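Novice: For reference, the file coords-v9.csv (CSV, C-alpha atoms) is included below:
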```csv
chain,number,residue,atom,x,y,z
A,1,MET,CA,4.8,-60.2,-15.9
A,2,ARG,CA,3.1,-60.5,-12.5
A,3,VAL,CA,5.7,-61.8,-10.0
A,4,LEU,CA,5.3,-62.9,-6.4
A,5,VAL,CA,8.4,-61.9,-4.5
A,6,THR,CA,8.6,-63.6,-1.1
A,7,GLY,CA,10.8,-61.8,1.5
A,8,GLY,CA,10.5,-58.7,-0.6
A,9,ALA,CA,10.6,-56.3,2.3
A,10,GLY,CA,14.0,-57.6,3.3
A,11,PHE,CA,17.4,-56.6,2.2
A,12,ILE,CA,18.1,-58.3,-1.1
A,13,GLY,CA,14.4,-58.9,-1.8
A,14,SER,CA,13.6,-55.2,-1.7
A,15,HIS,CA,16.4,-54.4,-4.2
A,16,PHE,CA,14.9,-57.1,-6.5
A,17,VAL,CA,11.4,-55.6,-6.1
A,18,LYS,CA,12.7,-52.2,-7.1
A,19,ARG,CA,14.4,-53.7,-10.1
A,20,LEU,CA,11.2,-55.4,-11.3
A,21,VAL,CA,9.1,-52.3,-10.8
A,22,ALA,CA,11.7,-50.2,-12.8
A,23,GLN,CA,11.3,-52.8,-15.6
A,24,GLY,CA,7.6,-52.5,-15.7
A,25,ASP,CA,6.7,-55.8,-14.0
A,26,GLU,CA,3.7,-56.1,-11.7
A,27,VAL,CA,4.9,-57.2,-8.2
A,28,VAL,CA,3.2,-58.7,-5.2
A,29,VAL,CA,5.4,-59.0,-2.0
A,30,LEU,CA,4.7,-61.6,0.6
A,31,ASP,CA,6.7,-61.0,3.8
A,32,LYS,CA,6.3,-62.1,7.4
A,33,LEU,CA,7.9,-58.8,8.5
A,34,THR,CA,10.1,-60.4,11.1
A,35,TYR,CA,12.9,-58.4,12.6
A,36,ALA,CA,14.7,-58.0,9.3
A,37,GLY,CA,11.6,-57.2,7.1
A,38,ASN,CA,11.0,-53.5,6.9
A,39,PRO,CA,8.1,-51.9,4.9
A,40,ALA,CA,10.3,-48.8,4.6
A,41,ASN,CA,12.4,-50.7,2.2
A,42,LEU,CA,9.5,-50.7,-0.3
A,43,GLU,CA,8.6,-47.0,-0.1
A,44,GLY,CA,7.9,-45.5,-3.4
A,45,THR,CA,7.5,-48.8,-5.2
A,46,GLY,CA,3.7,-49.0,-5.1
A,47,VAL,CA,3.7,-52.7,-4.8
A,48,GLU,CA,1.1,-54.8,-3.0
A,49,LEU,CA,2.4,-56.1,0.3
A,50,VAL,CA,0.8,-59.2,1.9
A,51,VAL,CA,1.9,-59.8,5.4
A,52,GLY,CA,2.2,-63.5,6.2
A,53,ASP,CA,4.1,-66.7,6.5
A,54,ILE,CA,5.4,-68.6,3.4
A,55,ALA,CA,4.7,-71.8,5.3
A,56,ASP,CA,1.0,-71.1,5.3
A,57,PRO,CA,-0.7,-72.5,2.2
A,58,GLU,CA,-3.7,-70.2,2.3
A,59,THR,CA,-1.6,-67.1,2.6
A,60,VAL,CA,0.6,-68.2,-0.3
A,61,LYS,CA,-2.5,-68.9,-2.4
A,62,ARG,CA,-3.9,-65.5,-1.7
A,63,ALA,CA,-0.7,-63.6,-2.3
A,64,GLY,CA,0.1,-65.6,-5.5
A,65,SER,CA,-3.2,-65.1,-7.1
A,66,GLY,CA,-2.6,-64.3,-10.8
A,67,CYS,CA,1.2,-64.5,-10.6
A,68,ALA,CA,3.1,-66.2,-13.4
A,69,ALA,CA,6.3,-66.5,-11.4
A,70,ILE,CA,7.6,-66.6,-7.8
A,71,VAL,CA,11.0,-65.6,-6.6
A,72,ASN,CA,11.7,-66.9,-3.1
A,73,PHE,CA,14.0,-64.6,-1.1
A,74,ALA,CA,12.1,-65.4,2.2
A,75,ALA,CA,14.5,-67.0,4.6
A,76,GLU,CA,16.0,-66.9,8.1
A,77,THR,CA,19.5,-66.0,7.0
A,78,HIS,CA,21.9,-65.2,9.9
A,79,VAL,CA,24.3,-67.9,10.9
A,80,ASP,CA,24.7,-66.6,14.4
A,81,ARG,CA,21.0,-66.6,15.0
A,82,SER,CA,20.7,-70.2,13.6
A,83,ILE,CA,23.2,-71.3,16.2
A,84,LEU,CA,21.2,-69.7,19.0
A,85,GLY,CA,17.9,-71.1,17.7
A,86,PRO,CA,17.7,-73.4,14.6
A,87,LYS,CA,14.0,-74.3,14.7
A,88,GLU,CA,12.8,-71.1,12.9
A,89,PHE,CA,15.3,-71.8,10.1
A,90,VAL,CA,13.9,-75.2,9.4
A,91,HIS,CA,10.3,-73.8,9.5
A,92,THR,CA,11.0,-71.1,6.9
A,93,ASP,CA,13.8,-72.4,4.8
A,94,VAL,CA,12.6,-76.0,4.4
A,95,LEU,CA,8.9,-76.1,5.2
A,96,GLY,CA,8.3,-72.7,3.7
A,97,THR,CA,10.1,-73.6,0.5
A,98,MET,CA,8.0,-76.8,0.2
A,99,THR,CA,4.8,-74.8,0.6
A,100,LEU,CA,5.8,-72.4,-2.1
A,101,LEU,CA,6.7,-75.3,-4.4
A,102,GLU,CA,3.3,-76.8,-3.8
A,103,TRP,CA,1.7,-73.6,-5.0
A,104,ALA,CA,4.0,-73.4,-8.0
A,105,ARG,CA,3.1,-77.1,-8.8
A,106,SER,CA,-0.6,-76.4,-8.7
A,107,THR,CA,-0.4,-73.2,-10.8
A,108,ARG,CA,2.5,-74.2,-13.1
A,109,ALA,CA,4.2,-70.9,-12.2
A,110,ARG,CA,7.9,-70.3,-12.9
A,111,TYR,CA,9.9,-70.6,-9.6
A,112,VAL,CA,13.3,-69.3,-8.6
A,113,GLN,CA,14.9,-70.3,-5.3
A,114,VAL,CA,17.4,-67.8,-4.0
A,115,SER,CA,20.0,-69.8,-2.0
A,116,THR,CA,23.5,-69.2,-0.8
A,117,ASP,CA,27.1,-70.2,-1.4
A,118,GLU,CA,27.3,-71.4,2.2
A,119,VAL,CA,25.6,-74.7,1.2
A,120,TYR,CA,28.9,-75.8,-0.3
A,121,GLY,CA,30.7,-75.5,3.0
A,122,ASP,CA,34.3,-74.7,3.7
A,123,LEU,CA,36.8,-74.7,0.7
A,124,GLU,CA,40.5,-75.1,0.6
A,125,ALA,CA,42.6,-72.3,-0.8
A,126,GLY,CA,42.5,-72.2,-4.6
A,127,GLY,CA,39.3,-74.2,-5.0
A,128,ARG,CA,36.0,-72.9,-6.2
A,129,ALA,CA,32.6,-74.6,-5.9
A,130,VAL,CA,30.7,-75.4,-9.0
A,131,GLU,CA,27.0,-76.1,-9.2
A,132,THR,CA,27.4,-79.9,-9.3
A,133,ASP,CA,29.5,-80.1,-6.2
A,134,PRO,CA,28.1,-82.0,-3.2
A,135,LEU,CA,26.5,-79.9,-0.4
A,136,ARG,CA,28.5,-79.7,2.8
A,137,PRO,CA,26.7,-77.2,5.0
A,138,SER,CA,28.3,-76.4,8.4
A,139,SER,CA,25.7,-74.3,10.2
A,140,PRO,CA,22.0,-74.8,11.0
A,141,TYR,CA,21.4,-71.9,8.6
A,142,SER,CA,23.2,-73.4,5.6
A,143,ALA,CA,21.8,-76.9,6.4
A,144,ALA,CA,18.3,-75.4,6.2
A,145,LYS,CA,19.0,-73.7,3.0
A,146,ALA,CA,20.5,-76.9,1.5
A,147,GLY,CA,17.3,-78.7,2.6
A,148,GLY,CA,15.3,-76.1,0.7
A,149,ASP,CA,17.4,-76.5,-2.4
A,150,LEU,CA,17.0,-80.3,-2.3
A,151,GLN,CA,13.2,-79.8,-2.1
A,152,VAL,CA,13.4,-77.6,-5.2
A,153,LEU,CA,15.3,-80.2,-7.2
A,154,ALA,CA,13.0,-83.0,-6.0
A,155,TYR,CA,9.9,-81.0,-7.2
A,156,VAL,CA,11.5,-80.4,-10.6
A,157,ARG,CA,12.2,-84.1,-11.1
A,158,THR,CA,9.1,-85.6,-9.5
A,159,TYR,CA,6.4,-83.0,-10.4
A,160,GLY,CA,7.9,-81.1,-13.3
A,161,VAL,CA,7.9,-77.8,-11.6
A,162,ALA,CA,9.7,-75.1,-13.7
A,163,ALA,CA,12.2,-74.2,-10.9
A,164,SER,CA,15.8,-73.0,-10.9
A,165,ILE,CA,18.2,-72.2,-8.0
A,166,THR,CA,20.6,-69.3,-7.6
A,167,ARG,CA,23.4,-69.5,-5.0
A,168,GLY,CA,24.8,-66.0,-4.3
A,169,ALA,CA,27.9,-64.9,-2.4
A,170,ASN,CA,28.1,-62.6,0.6
A,171,THR,CA,25.9,-59.7,-0.3
A,172,PHE,CA,26.2,-56.1,0.8
A,173,GLY,CA,24.7,-52.7,0.0
A,174,PRO,CA,22.1,-50.2,1.3
A,175,ASN,CA,19.2,-51.3,3.5
A,176,GLN,CA,21.0,-54.3,5.0
A,177,TYR,CA,19.9,-55.1,8.5
A,178,PRO,CA,22.8,-54.2,10.8
A,179,GLU,CA,23.8,-57.6,12.1
A,180,LYS,CA,25.8,-58.8,9.1
A,181,LEU,CA,29.5,-57.8,9.0
A,182,VAL,CA,29.4,-54.7,6.7
A,183,PRO,CA,26.4,-52.9,8.1
A,184,LEU,CA,27.3,-53.9,11.7
A,185,PHE,CA,30.9,-52.6,11.4
A,186,VAL,CA,29.9,-49.5,9.4
A,187,THR,CA,27.3,-48.4,11.9
A,188,ASN,CA,29.4,-49.3,14.9
A,189,ALA,CA,32.4,-47.4,13.4
A,190,LEU,CA,30.2,-44.3,12.8
A,191,ASP,CA,29.1,-44.4,16.5
A,192,GLY,CA,32.6,-45.2,17.9
A,193,GLU,CA,31.6,-48.6,19.1
A,194,PRO,CA,33.7,-51.8,19.0
A,195,LEU,CA,34.0,-53.9,15.9
A,196,PRO,CA,33.9,-57.5,17.0
A,197,VAL,CA,36.1,-59.5,14.6
A,198,TYR,CA,35.7,-63.3,15.0
A,199,GLY,CA,39.0,-65.1,15.7
A,200,ASP,CA,41.9,-64.0,13.6
A,201,GLY,CA,39.7,-62.3,11.0
A,202,LYS,CA,41.4,-64.3,8.2
A,203,GLN,CA,38.1,-65.9,7.0
A,204,VAL,CA,37.7,-65.3,3.2
A,205,ARG,CA,34.4,-64.4,1.7
A,206,GLU,CA,33.2,-63.3,-1.8
A,207,TRP,CA,31.5,-59.9,-1.7
A,208,LEU,CA,28.6,-59.3,-4.1
A,209,HIS,CA,26.7,-56.0,-4.4
A,210,ALA,CA,22.9,-56.4,-3.9
A,211,GLU,CA,22.2,-54.9,-7.3
A,212,ASP,CA,24.5,-57.3,-9.0
A,213,HIS,CA,23.0,-60.2,-7.1
A,214,CYS,CA,19.5,-59.1,-8.2
A,215,ALA,CA,20.6,-58.8,-11.8
A,216,GLY,CA,21.8,-62.4,-11.7
A,217,VAL,CA,18.5,-63.6,-10.1
A,218,ASP,CA,16.5,-61.7,-12.7
A,219,LEU,CA,18.5,-63.2,-15.6
A,220,VAL,CA,17.8,-66.7,-14.2
A,221,LEU,CA,14.1,-66.0,-13.8
A,222,ARG,CA,13.8,-65.1,-17.5
A,223,GLU,CA,16.4,-67.2,-19.1
A,224,GLY,CA,17.5,-69.9,-16.7
A,225,ALA,CA,16.6,-73.6,-17.3
A,226,PRO,CA,14.4,-75.6,-15.0
A,227,GLY,CA,16.3,-77.9,-12.8
A,228,GLU,CA,19.5,-75.9,-13.2
A,229,ILE,CA,21.6,-74.1,-10.5
A,230,TYR,CA,23.5,-70.9,-11.1
A,231,ASN,CA,26.2,-69.5,-8.8
A,232,ILE,CA,26.4,-65.7,-8.5
A,233,GLY,CA,30.0,-64.8,-7.4
A,234,GLY,CA,31.7,-61.7,-6.0
A,235,GLU,CA,35.2,-60.5,-5.1
A,236,ASP,CA,37.4,-62.4,-2.6
A,237,HIS,CA,38.5,-60.5,0.5
A,238,GLU,CA,39.5,-61.4,4.1
A,239,ASN,CA,37.2,-60.2,6.8
A,240,LEU,CA,40.0,-58.3,8.5
A,241,GLU,CA,40.8,-56.6,5.2
A,242,VAL,CA,37.2,-55.5,4.9
A,243,THR,CA,37.3,-54.3,8.5
A,244,TYR,CA,40.3,-52.0,7.9
A,245,ARG,CA,38.7,-50.7,4.7
A,246,ILE,CA,35.6,-49.8,6.6
A,247,LEU,CA,37.7,-48.0,9.3
A,248,GLU,CA,39.4,-46.0,6.5
A,249,LEU,CA,36.1,-45.0,4.9
A,250,THR,CA,34.4,-44.0,8.1
A,251,GLY,CA,37.5,-42.2,9.5
A,252,ALA,CA,37.3,-44.4,12.7
A,253,ASP,CA,40.4,-45.6,14.6
A,254,ALA,CA,41.8,-49.1,14.5
A,255,SER,CA,41.6,-49.3,18.3
A,256,LEU,CA,37.9,-50.1,17.8
A,257,ILE,CA,38.8,-53.6,16.5
A,258,ARG,CA,38.2,-56.3,19.0
A,259,HIS,CA,39.2,-59.9,18.2
A,260,VAL,CA,36.6,-62.0,20.0
A,261,GLU,CA,35.9,-65.7,20.4
A,262,ASP,CA,35.2,-67.2,17.0
A,263,ARG,CA,31.8,-68.5,15.9
A,264,ALA,CA,31.1,-72.2,16.5
A,265,GLY,CA,31.9,-74.2,13.3
A,266,HIS,CA,33.0,-71.1,11.5
A,267,ASP,CA,33.9,-71.8,7.8
A,268,ARG,CA,37.2,-70.3,6.8
A,269,ARG,CA,36.6,-69.8,3.1
A,270,TYR,CA,33.8,-69.6,0.6
A,271,ALA,CA,34.4,-69.4,-3.1
A,272,ILE,CA,32.2,-70.2,-6.1
A,273,ASP,CA,32.7,-70.5,-9.9
A,274,ASP,CA,30.1,-68.4,-11.6
A,275,THR,CA,31.0,-69.2,-15.2
A,276,LYS,CA,27.6,-70.8,-15.9
A,277,LEU,CA,25.8,-67.5,-15.1
A,278,ARG,CA,28.4,-65.4,-17.0
A,279,ASN,CA,27.7,-67.6,-20.0
A,280,LEU,CA,24.1,-66.5,-19.8
A,281,GLY,CA,25.3,-62.9,-20.1
A,282,TRP,CA,25.7,-61.8,-16.5
A,283,LYS,CA,28.6,-59.7,-15.2
A,284,PRO,CA,28.8,-57.5,-12.1
A,285,ALA,CA,28.6,-53.8,-12.4
A,286,HIS,CA,29.9,-52.9,-9.0
A,287,SER,CA,33.5,-53.4,-7.7
A,288,PHE,CA,33.8,-54.0,-4.0
A,289,GLY,CA,36.6,-51.7,-2.9
A,290,GLU,CA,36.4,-49.0,-5.6
A,291,GLY,CA,32.7,-48.3,-5.7
A,292,GLY,CA,30.4,-50.7,-3.9
A,293,LEU,CA,31.8,-50.4,-0.4
A,294,PRO,CA,32.4,-46.7,-0.4
A,295,GLU,CA,28.9,-46.0,-1.7
A,296,THR,CA,27.5,-48.4,0.9
A,297,VAL,CA,29.3,-46.6,3.7
A,298,GLU,CA,28.0,-43.2,2.5
A,299,TRP,CA,24.5,-44.6,2.4
A,300,TYR,CA,24.7,-45.5,6.1
A,301,ARG,CA,26.3,-42.2,6.9
A,302,GLY,CA,23.5,-40.4,5.3
A,303,ASN,CA,20.6,-42.6,6.5
A,304,ARG,CA,20.8,-42.7,10.2
A,305,ALA,CA,17.1,-42.3,10.4
A,306,TRP,CA,16.8,-45.7,8.8
A,307,TRP,CA,19.2,-47.7,11.0
A,308,GLU,CA,19.3,-45.9,14.3
A,309,PRO,CA,15.8,-47.0,15.3
A,310,ILE,CA,16.7,-50.6,14.3
A,311,LYS,CA,19.7,-50.7,16.7
A,312,SER,CA,17.5,-50.8,19.8
A,313,GLY,CA,14.8,-53.1,21.1
A,314,GLU,CA,15.0,-56.6,19.5
A,315,TYR,CA,18.4,-55.8,17.9
A,316,ARG,CA,19.9,-54.6,21.1
A,317,ARG,CA,18.8,-57.7,23.0
A,318,TYR,CA,20.3,-59.9,20.2
A,319,TYR,CA,23.5,-57.9,20.1
A,320,GLU,CA,24.0,-58.2,23.9
A,321,GLU,CA,23.4,-61.9,23.8
A,322,GLN,CA,25.8,-62.4,20.9
A,323,TYR,CA,28.7,-60.1,21.8
A,324,ALA,CA,28.6,-58.9,25.4
A,325,GLU,CA,30.6,-61.7,26.9
A,326,ARG,CA,32.9,-61.9,23.9
A,327,LEU,CA,33.7,-58.2,24.1
A,328,GLN,CA,34.3,-58.4,27.9
A,329,ALA,CA,36.7,-61.3,27.4
```
Written as structure tokens, that's how I'd like the structure from this file.
Specialist:
Amino acid sequence: MRVLVTGGAGFIGSHFVKRLVAQGDEVVVLDKLTYAGNPANLEGTGVELVVGDIADPETVKRAGSGCAAIVNFAAETHVDRSILGPKEFVHTDVLGTMTLLEWARSTRARYVQVSTDEVYGDLEAGGRAVETDPLRPSSPYSAAKAGGDLQVLAYVRTYGVAASITRGANTFGPNQYPEKLVPLFVTNALDGEPLPVYGDGKQVREWLHAEDHCAGVDLVLREGAPGEIYNIGGEDHENLEVTYRILELTGADASLIRHVEDRAGHDRRYAIDDTKLRNLGWKPAHSFGEGGLPETVEWYRGNRAWWEPIKSGEYRRYYEEQYAERLQA
């Protein structure tokens, strides 16, 4: 099958591209190559890379020529960045999604929207979100993703587009841009720099390995039903617990931990029920603490040539804007 993967030079998207190539699928990648898009993530795949914006119809038409399916990983994804500037998130996550859906509508291509558990919002202890729950996004990022999801469902009902949605948990693994918690804390710990923990660090997230996330998306692409939503869950851990495990794995000292001013509107707990996807035959192959996180730490330890150049320039400017005052306080 010839598949258009948008955002395929990013973190999860590049893992998905490698999965499709290994299975013998023909892949075209459409990526804007913003700060988090990295052509190095696609080295050795031999895929066609089209550089452009998913919100531009002509670019989408050119990249999608001959494709039978599209999997949309393209998104502005970082909550902190959405708080600093939400406009780009609406452009990509809502307008871009609509543009891709228009292409799928005109070509009758299969469509999978890769979304997030954050659209469900904050959950009380013990509860787990199911796919039919109302959306309660808390940040400009999750609100934009929810807007994209609603566009997908509208195009299914109004135009008959063969589209499905996946909502994945917090994803970790190799090649993740070092602004999210795991790669940020791992690389900072390896360099002896502070680990800025928001608030008390008791926020709970589900942690999902990138390869397990991609296996779920791939299953939905091939066997998911149009108009249906599928949660892809992980393992529950507090942020502070994850932080201490990273210190242990890197050999860094706990004195690097800095409890800083919390993020505005920070959700305390995400948790999703992934029974629906498991009933299709999905199950994770990576545990978080026993295999996934140690292997991820070792990847960053052994691939400084990948992440050290990133942690300068644009990244350094963002890091200073986000953390300098917090760390001084």
Novice: Find, counting all atoms listed in the file, the residue in A:Gln322, A:Thr275, A:Asn41, A:Ser142 that gets nearest to Asp80 in chain A.
Specialist: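 Once distances to Asp80 in chain A are computed over all atoms listed in the file, the minimum belongs to A:Gln322.
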Novice: Give me, please, the distance in Å between CA of Ile257 in chain A and CA of Asn175 in chain A, quoted to one decimal.
Specialist: 23.6 Å
Novice: Between CA of Asn279 in chain A and CA of Arg128 in chain A, what is the distance, to one decimal in Å?
Specialist: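 The value is 17.0 Å.
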Novice: Residues within 12 Å of Arg157 in chain A, please, as a list in words. Count all atoms listed in the file; anything in the same chain fewer than 5 positions from it doesn't count.
Specialist: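 So, after excluding close chain neighbours, the residues are Arg105, Leu150, Gln151, Val152, Ala162, Ala163, Ser164, Pro226, Gly227 and Glu228 of chain A.
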Novice: Could you write out that same residue set with C-alpha atoms as a PDB file, in the frame of the given file?
Specialist:
```pdb
ATOM      1  CA  ARG A 105       3.100 -77.100  -8.800  1.00  0.00           C
ATOM      2  CA  LEU A 150      17.000 -80.300  -2.300  1.00  0.00           C
ATOM      3  CA  GLN A 151      13.200 -79.800  -2.100  1.00  0.00           C
ATOM      4  CA  VAL A 152      13.400 -77.600  -5.200  1.00  0.00           C
ATOM      5  CA  ALA A 162       9.700 -75.100 -13.700  1.00  0.00           C
ATOM      6  CA  ALA A 163      12.200 -74.200 -10.900  1.00  0.00           C
ATOM      7  CA  SER A 164      15.800 -73.000 -10.900  1.00  0.00           C
ATOM      8  CA  PRO A 226      14.400 -75.600 -15.000  1.00  0.00           C
ATOM      9  CA  GLY A 227      16.300 -77.900 -12.800  1.00  0.00           C
ATOM     10  CA  GLU A 228      19.500 -75.900 -13.200  1.00  0.00           C
TER      11      GLU A 228
END
```
Novice: For range 131-182 of chain A versus range 11-23 of chain A, which residues have an atom no more than 10 Å away, and what is each residue's nearest atom pair and distance in Å rounded to one decimal, using all atoms listed in the file, chain-then-number order, as JSON lines?
Specialist:
```
{"residue": "A:Thr171", "atom": "CA", "partner": "A:Ile12", "partner_atom": "CA", "distance": 8.0}
{"residue": "A:Phe172", "atom": "CA", "partner": "A:Ile12", "partner_atom": "CA", "distance": 8.6}
{"residue": "A:Gly173", "atom": "CA", "partner": "A:Phe11", "partner_atom": "CA", "distance": 8.6}
{"residue": "A:Pro174", "atom": "CA", "partner": "A:Phe11", "partner_atom": "CA", "distance": 8.0}
{"residue": "A:Asn175", "atom": "CA", "partner": "A:Phe11", "partner_atom": "CA", "distance": 5.7}
{"residue": "A:Gln176", "atom": "CA", "partner": "A:Phe11", "partner_atom": "CA", "distance": 5.1}
{"residue": "A:Tyr177", "atom": "CA", "partner": "A:Phe11", "partner_atom": "CA", "distance": 6.9}
```
Novice: Could you name the residues that touch range 291-306 of chain A at 8 Å or less, counting only C-alpha atoms, but leaving out those on the same chain fewer than 2 positions away, as a ChimeraX atom specification?
Specialist: /A:172-174,183,186-187,190,209,246,249-250,286-289,308-310
Novice: Go ahead and save the residues from that selection, with C-alpha atoms, as an mmCIF file, keeping the file's coordinate frame.
Specialist:
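And here's out29.cif as it stands now:
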```
data_model
loop_
_atom_site.group_PDB
_atom_site.id
_atom_site.type_symbol
_atom_site.label_atom_id
_atom_site.label_comp_id
_atom_site.auth_asym_id
_atom_site.auth_seq_id
_atom_site.Cartn_x
_atom_site.Cartn_y
_atom_site.Cartn_z
ATOM 1 C CA PHE A 172 26.200 -56.100 0.800
ATOM 2 C CA GLY A 173 24.700 -52.700 0.000
ATOM 3 C CA PRO A 174 22.100 -50.200 1.300
ATOM 4 C CA PRO A 183 26.400 -52.900 8.100
ATOM 5 C CA VAL A 186 29.900 -49.500 9.400
ATOM 6 C CA THR A 187 27.300 -48.400 11.900
ATOM 7 C CA LEU A 190 30.200 -44.300 12.800
ATOM 8 C CA HIS A 209 26.700 -56.000 -4.400
ATOM 9 C CA ILE A 246 35.600 -49.800 6.600
ATOM 10 C CA LEU A 249 36.100 -45.000 4.900
ATOM 11 C CA THR A 250 34.400 -44.000 8.100
ATOM 12 C CA HIS A 286 29.900 -52.900 -9.000
ATOM 13 C CA SER A 287 33.500 -53.400 -7.700
ATOM 14 C CA PHE A 288 33.800 -54.000 -4.000
ATOM 15 C CA GLY A 289 36.600 -51.700 -2.900
ATOM 16 C CA GLU A 308 19.300 -45.900 14.300
ATOM 17 C CA PRO A 309 15.800 -47.000 15.300
ATOM 18 C CA ILE A 310 16.700 -50.600 14.300
#
```
Novice: Any idea what's packed within 7 Å of Lys32 in chain A, counting all atoms listed in the file, ignoring anything in its chain fewer than 4 positions away? Could you give it as an NGL selection string?
Specialist: :A and (51-53)
Novice: Given the point (4.7, -74.2, -12.6) in the coordinates of this file, which residues lie within 9 Å, counting only C-alpha atoms, and how would they look as an mmCIF file with C-alpha atoms, in the coordinates of the input?
Specialist:
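Printed below is selection_30.cif as written:
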```cif
data_model
loop_
_atom_site.group_PDB
_atom_site.id
_atom_site.type_symbol
_atom_site.label_atom_id
_atom_site.label_comp_id
_atom_site.auth_asym_id
_atom_site.auth_seq_id
_atom_site.Cartn_x
_atom_site.Cartn_y
_atom_site.Cartn_z
ATOM 1 C CA ALA A 68 3.100 -66.200 -13.400
ATOM 2 C CA ALA A 69 6.300 -66.500 -11.400
ATOM 3 C CA LEU A 101 6.700 -75.300 -4.400
ATOM 4 C CA TRP A 103 1.700 -73.600 -5.000
ATOM 5 C CA ALA A 104 4.000 -73.400 -8.000
ATOM 6 C CA ARG A 105 3.100 -77.100 -8.800
ATOM 7 C CA SER A 106 -0.600 -76.400 -8.700
ATOM 8 C CA THR A 107 -0.400 -73.200 -10.800
ATOM 9 C CA ARG A 108 2.500 -74.200 -13.100
ATOM 10 C CA ALA A 109 4.200 -70.900 -12.200
ATOM 11 C CA ARG A 110 7.900 -70.300 -12.900
ATOM 12 C CA TYR A 111 9.900 -70.600 -9.600
ATOM 13 C CA GLY A 160 7.900 -81.100 -13.300
ATOM 14 C CA VAL A 161 7.900 -77.800 -11.600
ATOM 15 C CA ALA A 162 9.700 -75.100 -13.700
ATOM 16 C CA ALA A 163 12.200 -74.200 -10.900
#
```
Novice: Calculated over all atoms listed in the file, which of the candidates A:Lys180, A:Lys276, A:Arg62, A:His91 has the smallest distance to Arg167 in chain A?
Specialist: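 The shortest atom-to-atom distance to Arg167 in chain A comes from A:Lys276.
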Novice: Go ahead and compute the interatomic distance for CA of Leu100 in chain A and CA of Val5 in chain A, in Å to one decimal.
Specialist: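 These two atoms are separated by 11.1 Å.
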Novice: Rebuild range 302-314 of chain A so that it carries N, CA and C atoms, then output the result as a short mmCIF file (atom, residue, chain, number, x, y, z; two decimals), keeping the file's coordinate frame.
Specialist:
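Contents of out-v9.cif, as written:
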```
data_model
loop_
_atom_site.label_atom_id
_atom_site.label_comp_id
_atom_site.auth_asym_id
_atom_site.auth_seq_id
_atom_site.Cartn_x
_atom_site.Cartn_y
_atom_site.Cartn_z
N GLY A 302 24.52 -41.30 5.57
CA GLY A 302 23.50 -40.40 5.30
C GLY A 302 22.06 -40.82 5.62
N ASN A 303 21.93 -42.03 6.16
CA ASN A 303 20.60 -42.60 6.50
C ASN A 303 20.49 -43.10 7.88
N ARG A 304 20.94 -42.30 8.82
CA ARG A 304 20.80 -42.70 10.20
C ARG A 304 19.36 -42.88 10.64
N ALA A 305 18.47 -42.13 10.02
CA ALA A 305 17.10 -42.30 10.40
C ALA A 305 16.52 -43.64 10.03
N TRP A 306 17.19 -44.35 9.12
CA TRP A 306 16.80 -45.70 8.80
C TRP A 306 17.31 -46.71 9.80
N TRP A 307 18.61 -46.61 10.15
CA TRP A 307 19.20 -47.70 11.00
C TRP A 307 19.28 -47.41 12.46
N GLU A 308 19.24 -46.15 12.89
CA GLU A 308 19.30 -45.90 14.30
C GLU A 308 18.15 -46.49 15.10
N PRO A 309 16.90 -46.37 14.61
CA PRO A 309 15.80 -47.00 15.30
C PRO A 309 15.91 -48.53 15.39
N ILE A 310 16.53 -49.12 14.37
CA ILE A 310 16.70 -50.60 14.30
C ILE A 310 17.60 -51.06 15.44
N LYS A 311 18.66 -50.27 15.72
CA LYS A 311 19.70 -50.70 16.70
C LYS A 311 19.25 -50.47 18.12
N SER A 312 18.04 -50.83 18.40
CA SER A 312 17.50 -50.80 19.80
C SER A 312 16.49 -51.94 19.85
N GLY A 313 15.83 -52.10 20.97
CA GLY A 313 14.80 -53.10 21.10
C GLY A 313 15.32 -54.51 20.80
N GLU A 314 14.68 -55.22 19.84
CA GLU A 314 15.00 -56.60 19.50
C GLU A 314 16.50 -56.71 19.14
#
```
